[in-house]
Amino acid sequence: MNEYDSNRIYDLVKKINYKKTNNIHEADCYVLNTCHIREKATDKVYHDIGRVKKVFKNKNKPIIIITGCVAQAEGEVLLEKEKYIDAVIGPQSYQNLNETILKLEKRIIKVNSTNFDVIDKFDNLNSIKNSNNKISSFLTIQEGCDKFCKFCVVPYTRGSEYSRSIKELIRESIDLVENGAKEITLLGQNVNAYNFGGKKLSHLINEISKIDKLERIRYTTSHPIDFSEDLIHAHLEFDKLMPMIHLPVQSGSNKILRSMNRKHTVENYLDLIDKLKKNKPSIKFSSDFIIGFPGENDIDFQETLELLKKVEFINTFSFIFSPRPGTPAASMKKIDLDIAKERLITFQTVAQDIKMNYRKNLFNKKSSVLFENAIGKKMNYFGRDEYLNSVIVRSDENLIGKTKEVKIIDGNQNTLFGELTQNKICKGFAA
């Protein structure tokens, strides 16, 4: 979502005659777009500002603006602690960016723009065409969350759930496809809670799938309790919807899930996995896990390992519990860090074994790969298969923007390597 926001920030500032530079020494305005979801996010802000200070030590300083969730959560502290910062702008206040820059050009005032006005934000962004021209593009359809998991800062930095209109999302999707996108990933902090005028995510997927030159649709991130029957059926109904779902579970212990205020049980989660697999046997899953959440004991951890093995996630994102200031979990008693680290290593070792066994089973099988860019001297091409696996192929033909059938011949934990087959396009799915 921050990548999407960063692209839209650039679309905004073009209206006041700013352009991107790859040379920091040339910058008249430096915008640092931040995320607050993990620990030490604020420290990274200060570190990056320190880097800019060194570059401009003997020069006129550029305008320094901090945007995103760290700005929302800690804006006043940032402005007070780091005088080099000129403005903080929260993720629901990007519509104020140009006005802020024009004020700061005259060095009028420092600015704190952290109001929650998501409707005004998207009303302004809708009037500016999305210029992103990547083969695989992001599209924010929903922001905020009403679930209030005890560890999560999103409700406090992004606000309550808000869904954009079908009309504006179709228009922006068409813009992205006209710019060259062949794949669109629909984004939301709680994407399957999308609901505009009674129209759910499955309806939006149906409408976007009608765009002729669009080949693939994905969505992330989902909450298990918002996974409706119509969305389950959408994976069977719409060919353009990829058979890969990121479905965070966070823990395999019902005790810990209750403590997290996740509102689902392990049994609920497994029942949902079962329904999705019965509906579409080729479907695969990735997930998020928090290791060492307050109160987690050895039994809770073993239950998490059992869930990992049972579902056989092809990808996992696991982290030691990181208390975020202002969340209920921040005041809970943390478990011993050494124990948490040991559990994380154990978890990631098992997860990696599952992932590598899955990848080895892809060797000598065919996959459909959408190629996104060239690597090096443009003889190697990078793409992704239906399951978001990275694939590299060597080819004399320019493959950018093309979907090709690839035979997987080798791979490691990060990348698969393949060779083109005789078929131009493969619509099947490598299970």
# chains A, B, ... in the order shown; residues from 1 in each chain; ligands from 1

$ residues_around --residues "A:Gln72" --least-positions-apart "3" --cutoff "12 Å" --atoms "only C-alpha atoms" --output "PyMOL selection string"
chain A and resi 33-36+42+66-69+75-79+87-94+112-116+153-159

$ write_last_selection --atoms "C-alpha atoms" --output "PDB file, in the first residue's frame"
ATOM      1  CA  ASN A  33       6.882   7.747   3.027  1.00  0.00           C
ATOM      2  CA  THR A  34       6.790   5.549   6.115  1.00  0.00           C
ATOM      3  CA  CYS A  35       5.232   2.432   7.598  1.00  0.00           C
ATOM      4  CA  HIS A  36       4.582   1.927  11.319  1.00  0.00           C
ATOM      5  CA  THR A  42      10.669   5.772  13.859  1.00  0.00           C
ATOM      6  CA  ILE A  66       7.520  12.793   6.418  1.00  0.00           C
ATOM      7  CA  THR A  67       4.379  11.053   5.154  1.00  0.00           C
ATOM      8  CA  GLY A  68       2.627   7.786   5.989  1.00  0.00           C
ATOM      9  CA  CYS A  69       1.811   5.993   9.214  1.00  0.00           C
ATOM     10  CA  GLY A  75       3.913  13.583  13.975  1.00  0.00           C
ATOM     11  CA  GLU A  76       4.239  16.046  16.856  1.00  0.00           C
ATOM     12  CA  VAL A  77       7.167  14.116  18.338  1.00  0.00           C
ATOM     13  CA  LEU A  78       8.959  14.076  14.981  1.00  0.00           C
ATOM     14  CA  LEU A  79       8.566  17.827  14.490  1.00  0.00           C
ATOM     15  CA  ALA A  87       6.132  18.831   7.695  1.00  0.00           C
ATOM     16  CA  VAL A  88       4.378  15.603   8.659  1.00  0.00           C
ATOM     17  CA  ILE A  89       1.440  14.397   6.576  1.00  0.00           C
ATOM     18  CA  GLY A  90      -0.641  11.357   7.527  1.00  0.00           C
ATOM     19  CA  PRO A  91      -1.844   8.737   5.040  1.00  0.00           C
ATOM     20  CA  GLN A  92      -5.363  10.187   4.919  1.00  0.00           C
ATOM     21  CA  SER A  93      -4.130  13.732   4.251  1.00  0.00           C
ATOM     22  CA  TYR A  94      -2.120  13.386   1.039  1.00  0.00           C
ATOM     23  CA  ASN A 112       1.291  18.905  10.843  1.00  0.00           C
ATOM     24  CA  SER A 113      -1.421  17.476   8.587  1.00  0.00           C
ATOM     25  CA  THR A 114      -2.698  14.306  10.217  1.00  0.00           C
ATOM     26  CA  ASN A 115      -6.475  14.547  10.065  1.00  0.00           C
ATOM     27  CA  PHE A 116      -8.517  11.494   9.064  1.00  0.00           C
ATOM     28  CA  VAL A 153      -1.549  -0.069  14.886  1.00  0.00           C
ATOM     29  CA  VAL A 154      -3.594   0.212  11.663  1.00  0.00           C
ATOM     30  CA  PRO A 155      -6.906   1.410  13.221  1.00  0.00           C
ATOM     31  CA  TYR A 156      -4.955   4.238  14.859  1.00  0.00           C
ATOM     32  CA  THR A 157      -2.937   5.298  11.801  1.00  0.00           C
ATOM     33  CA  ARG A 158      -5.305   4.528   8.909  1.00  0.00           C
ATOM     34  CA  GLY A 159      -8.645   4.888  10.682  1.00  0.00           C
TER      35      GLY A 159
END

$ residues_around --residues "stretch 189-197 of chain A" --least-positions-apart "3" --cutoff "10 Å" --atoms "only C-alpha atoms" --output "PyMOL selection string"
chain A and resi 1+140-147+154-155+158+161-166+186+200-204+219-228+231

$ closest_residue --among "A:Ile320, A:Ile9, A:Ile345, A:Leu416" --to "A:Tyr387" --atoms "only C-alpha atoms"
A:Leu416

$ closest_residue --among "A:Val391, A:Leu272, A:Ile128, A:Phe289" --to "A:Val13" --atoms "only C-alpha atoms"
A:Ile128

$ atom_distance --atom1 "atom CA of A:Ser137" --atom2 "atom CA of A:Leu214"
10.9 Å

$ residues_around --residues "A:Lys150" --least-positions-apart "4" --cutoff "8 Å" --atoms "only C-alpha atoms" --output "PyMOL selection string"
chain A and resi 259-261+327-329

$ residues_around --residues "stretch 409-412 of chain A" --least-positions-apart "4" --cutoff "12 Å" --atoms "only C-alpha atoms" --output "VMD selection string"
chain A and resid 352 to 353 355 to 367 389 to 393 416 to 421

$ write_last_selection --atoms "C-alpha atoms" --output "tab-separated table (two decimals), in the first residue's frame"
chain	number	residue	atom	x	y	z
A	352	GLN	CA	11.45	-23.15	4.95
A	353	ASP	CA	11.45	-26.96	4.66
A	355	LYS	CA	8.49	-24.15	1.08
A	356	MET	CA	11.49	-25.95	-0.43
A	357	ASN	CA	9.62	-29.27	-0.71
A	358	TYR	CA	6.82	-27.44	-2.53
A	359	ARG	CA	9.29	-25.77	-4.89
A	360	LYS	CA	11.14	-29.01	-5.64
A	361	ASN	CA	7.82	-30.51	-6.68
A	362	LEU	CA	7.58	-27.79	-9.34
A	363	PHE	CA	10.78	-28.98	-11.06
A	364	ASN	CA	10.15	-30.39	-14.55
A	365	LYS	CA	6.58	-29.06	-14.45
A	366	LYS	CA	5.11	-26.28	-16.55
A	367	SER	CA	3.98	-22.93	-15.19
A	389	ASN	CA	6.83	-17.47	-7.26
A	390	SER	CA	9.68	-15.50	-8.81
A	391	VAL	CA	10.84	-17.07	-12.08
A	392	ILE	CA	13.88	-16.18	-14.21
A	393	VAL	CA	14.21	-17.28	-17.82
A	416	LEU	CA	12.77	-20.54	-9.70
A	417	PHE	CA	14.69	-20.93	-12.97
A	418	GLY	CA	13.06	-22.14	-16.14
A	419	GLU	CA	13.07	-22.37	-19.89
A	420	LEU	CA	10.42	-21.44	-22.41
A	421	THR	CA	8.36	-24.23	-23.93

$ select_by_dssp --residues "stretch 55-232 of chain A" --states "strand (DSSP E)" --output "PyMOL selection string"
chain A and resi 63-68+87-89+111-113+136-143+162-163+183-188+195-196+199-200+216-220

$ write_last_selection --atoms "N, CA and C atoms" --output "compact mmCIF listing (two decimals), in the first residue's frame"
# COMPACT_ATOMS: atom_id res chain seq x y z
N ILE A 63 13.28 20.85 1.19
CA ILE A 63 12.07 20.68 2.00
C ILE A 63 12.00 19.21 2.43
N ILE A 64 11.82 18.98 3.71
CA ILE A 64 11.77 17.61 4.24
C ILE A 64 10.37 17.33 4.75
N ILE A 65 9.71 16.34 4.12
CA ILE A 65 8.34 15.98 4.51
C ILE A 65 8.29 14.49 4.85
N ILE A 66 7.74 14.18 6.02
CA ILE A 66 7.52 12.79 6.42
C ILE A 66 6.04 12.48 6.21
N THR A 67 5.76 11.46 5.40
CA THR A 67 4.38 11.05 5.15
C THR A 67 4.17 9.63 5.67
N GLY A 68 2.93 9.17 5.63
CA GLY A 68 2.63 7.79 5.99
C GLY A 68 2.28 7.61 7.45
N ALA A 87 7.55 19.16 7.65
CA ALA A 87 6.13 18.83 7.70
C ALA A 87 5.93 17.34 7.90
N VAL A 88 4.82 17.00 8.56
CA VAL A 88 4.38 15.60 8.66
C VAL A 88 2.96 15.53 8.09
N ILE A 89 2.74 14.54 7.24
CA ILE A 89 1.44 14.40 6.58
C ILE A 89 0.99 12.94 6.68
N VAL A 111 4.39 22.22 9.25
CA VAL A 111 3.03 21.74 9.02
C VAL A 111 2.83 20.36 9.64
N ASN A 112 1.72 20.21 10.36
CA ASN A 112 1.29 18.90 10.84
C ASN A 112 -0.09 18.65 10.26
N SER A 113 -0.16 17.78 9.25
CA SER A 113 -1.42 17.48 8.59
C SER A 113 -1.73 16.01 8.79
N SER A 136 2.91 -5.26 -13.40
CA SER A 136 2.11 -5.66 -12.24
C SER A 136 1.92 -4.45 -11.36
N SER A 137 0.68 -3.99 -11.21
CA SER A 137 0.40 -2.74 -10.51
C SER A 137 -0.50 -2.96 -9.30
N PHE A 138 -0.37 -2.05 -8.34
CA PHE A 138 -1.21 -2.07 -7.15
C PHE A 138 -2.36 -1.08 -7.29
N LEU A 139 -3.48 -1.42 -6.66
CA LEU A 139 -4.64 -0.53 -6.64
C LEU A 139 -5.30 -0.61 -5.26
N THR A 140 -5.25 0.49 -4.51
CA THR A 140 -5.90 0.51 -3.21
C THR A 140 -7.40 0.63 -3.38
N ILE A 141 -8.14 -0.32 -2.84
CA ILE A 141 -9.60 -0.31 -2.94
C ILE A 141 -10.26 -0.06 -1.59
N GLN A 142 -9.50 -0.30 -0.52
CA GLN A 142 -10.07 -0.21 0.82
C GLN A 142 -8.95 0.20 1.77
N GLU A 143 -9.30 1.03 2.74
CA GLU A 143 -8.32 1.43 3.75
C GLU A 143 -8.92 1.32 5.14
N TYR A 162 -12.90 1.96 5.13
CA TYR A 162 -13.48 2.81 4.09
C TYR A 162 -13.27 2.14 2.75
N SER A 163 -14.31 2.02 1.96
CA SER A 163 -14.23 1.40 0.63
C SER A 163 -14.48 2.43 -0.45
N GLU A 183 -1.41 -7.14 -14.82
CA GLU A 183 -1.85 -7.72 -13.55
C GLU A 183 -2.13 -6.58 -12.57
N ILE A 184 -3.23 -6.69 -11.83
CA ILE A 184 -3.56 -5.71 -10.80
C ILE A 184 -3.78 -6.43 -9.48
N THR A 185 -3.11 -5.95 -8.44
CA THR A 185 -3.33 -6.47 -7.09
C THR A 185 -4.18 -5.46 -6.33
N LEU A 186 -5.35 -5.89 -5.91
CA LEU A 186 -6.27 -5.04 -5.16
C LEU A 186 -5.82 -5.02 -3.70
N LEU A 187 -5.66 -3.81 -3.15
CA LEU A 187 -5.08 -3.65 -1.83
C LEU A 187 -6.07 -3.15 -0.80
N GLY A 188 -5.88 -3.60 0.42
CA GLY A 188 -6.63 -3.07 1.55
C GLY A 188 -6.01 -3.58 2.83
N ASN A 195 -16.75 -3.13 0.81
CA ASN A 195 -18.20 -3.07 0.67
C ASN A 195 -18.59 -1.64 0.31
N PHE A 196 -19.00 -1.47 -0.94
CA PHE A 196 -19.46 -0.14 -1.37
C PHE A 196 -20.90 -0.27 -1.86
N LYS A 199 -22.07 -3.74 -2.52
CA LYS A 199 -21.27 -4.51 -3.47
C LYS A 199 -19.97 -4.93 -2.80
N LYS A 200 -19.71 -6.24 -2.80
CA LYS A 200 -18.54 -6.78 -2.11
C LYS A 200 -17.36 -6.97 -3.06
N ARG A 216 -4.47 -10.79 -15.13
CA ARG A 216 -4.45 -11.39 -13.79
C ARG A 216 -4.96 -10.40 -12.74
N ILE A 217 -5.65 -10.96 -11.74
CA ILE A 217 -6.15 -10.19 -10.61
C ILE A 217 -5.73 -10.90 -9.32
N ARG A 218 -5.24 -10.13 -8.37
CA ARG A 218 -4.93 -10.63 -7.03
C ARG A 218 -5.54 -9.68 -6.01
N TYR A 219 -5.54 -10.09 -4.75
CA TYR A 219 -5.97 -9.18 -3.69
C TYR A 219 -5.24 -9.54 -2.40
N THR A 220 -5.00 -8.54 -1.58
CA THR A 220 -4.34 -8.72 -0.29
C THR A 220 -4.55 -7.46 0.55

$ closest_residue --among "A:Leu388, A:Glu397, A:Gln302, A:Lys59" --to "A:Val350" --atoms "only C-alpha atoms"
A:Gln302

$ residues_around --residues "A:Gly292" --least-positions-apart "5" --cutoff "10 Å" --atoms "only C-alpha atoms" --output "list in words"
Ser251, Ile256, Asn297, Asp298, Asp300, Phe301, Phe319, Ile320, Phe321, Ser322, Lys334, Ile335, Asp336, Leu337, Asp338, Ile339, Ala340, Lys341, Glu342, Arg343 and Leu344 of chain A

$ residues_around --residues "A:Lys61" --least-positions-apart "6" --cutoff "10 Å" --atoms "only C-alpha atoms" --output "ChimeraX atom specification"
/A:27-30,52-53,55,84

$ closest_residue --among "A:Cys152, A:Val266, A:Val45, A:Met244" --to "A:Pro323" --atoms "only C-alpha atoms"
A:Cys152
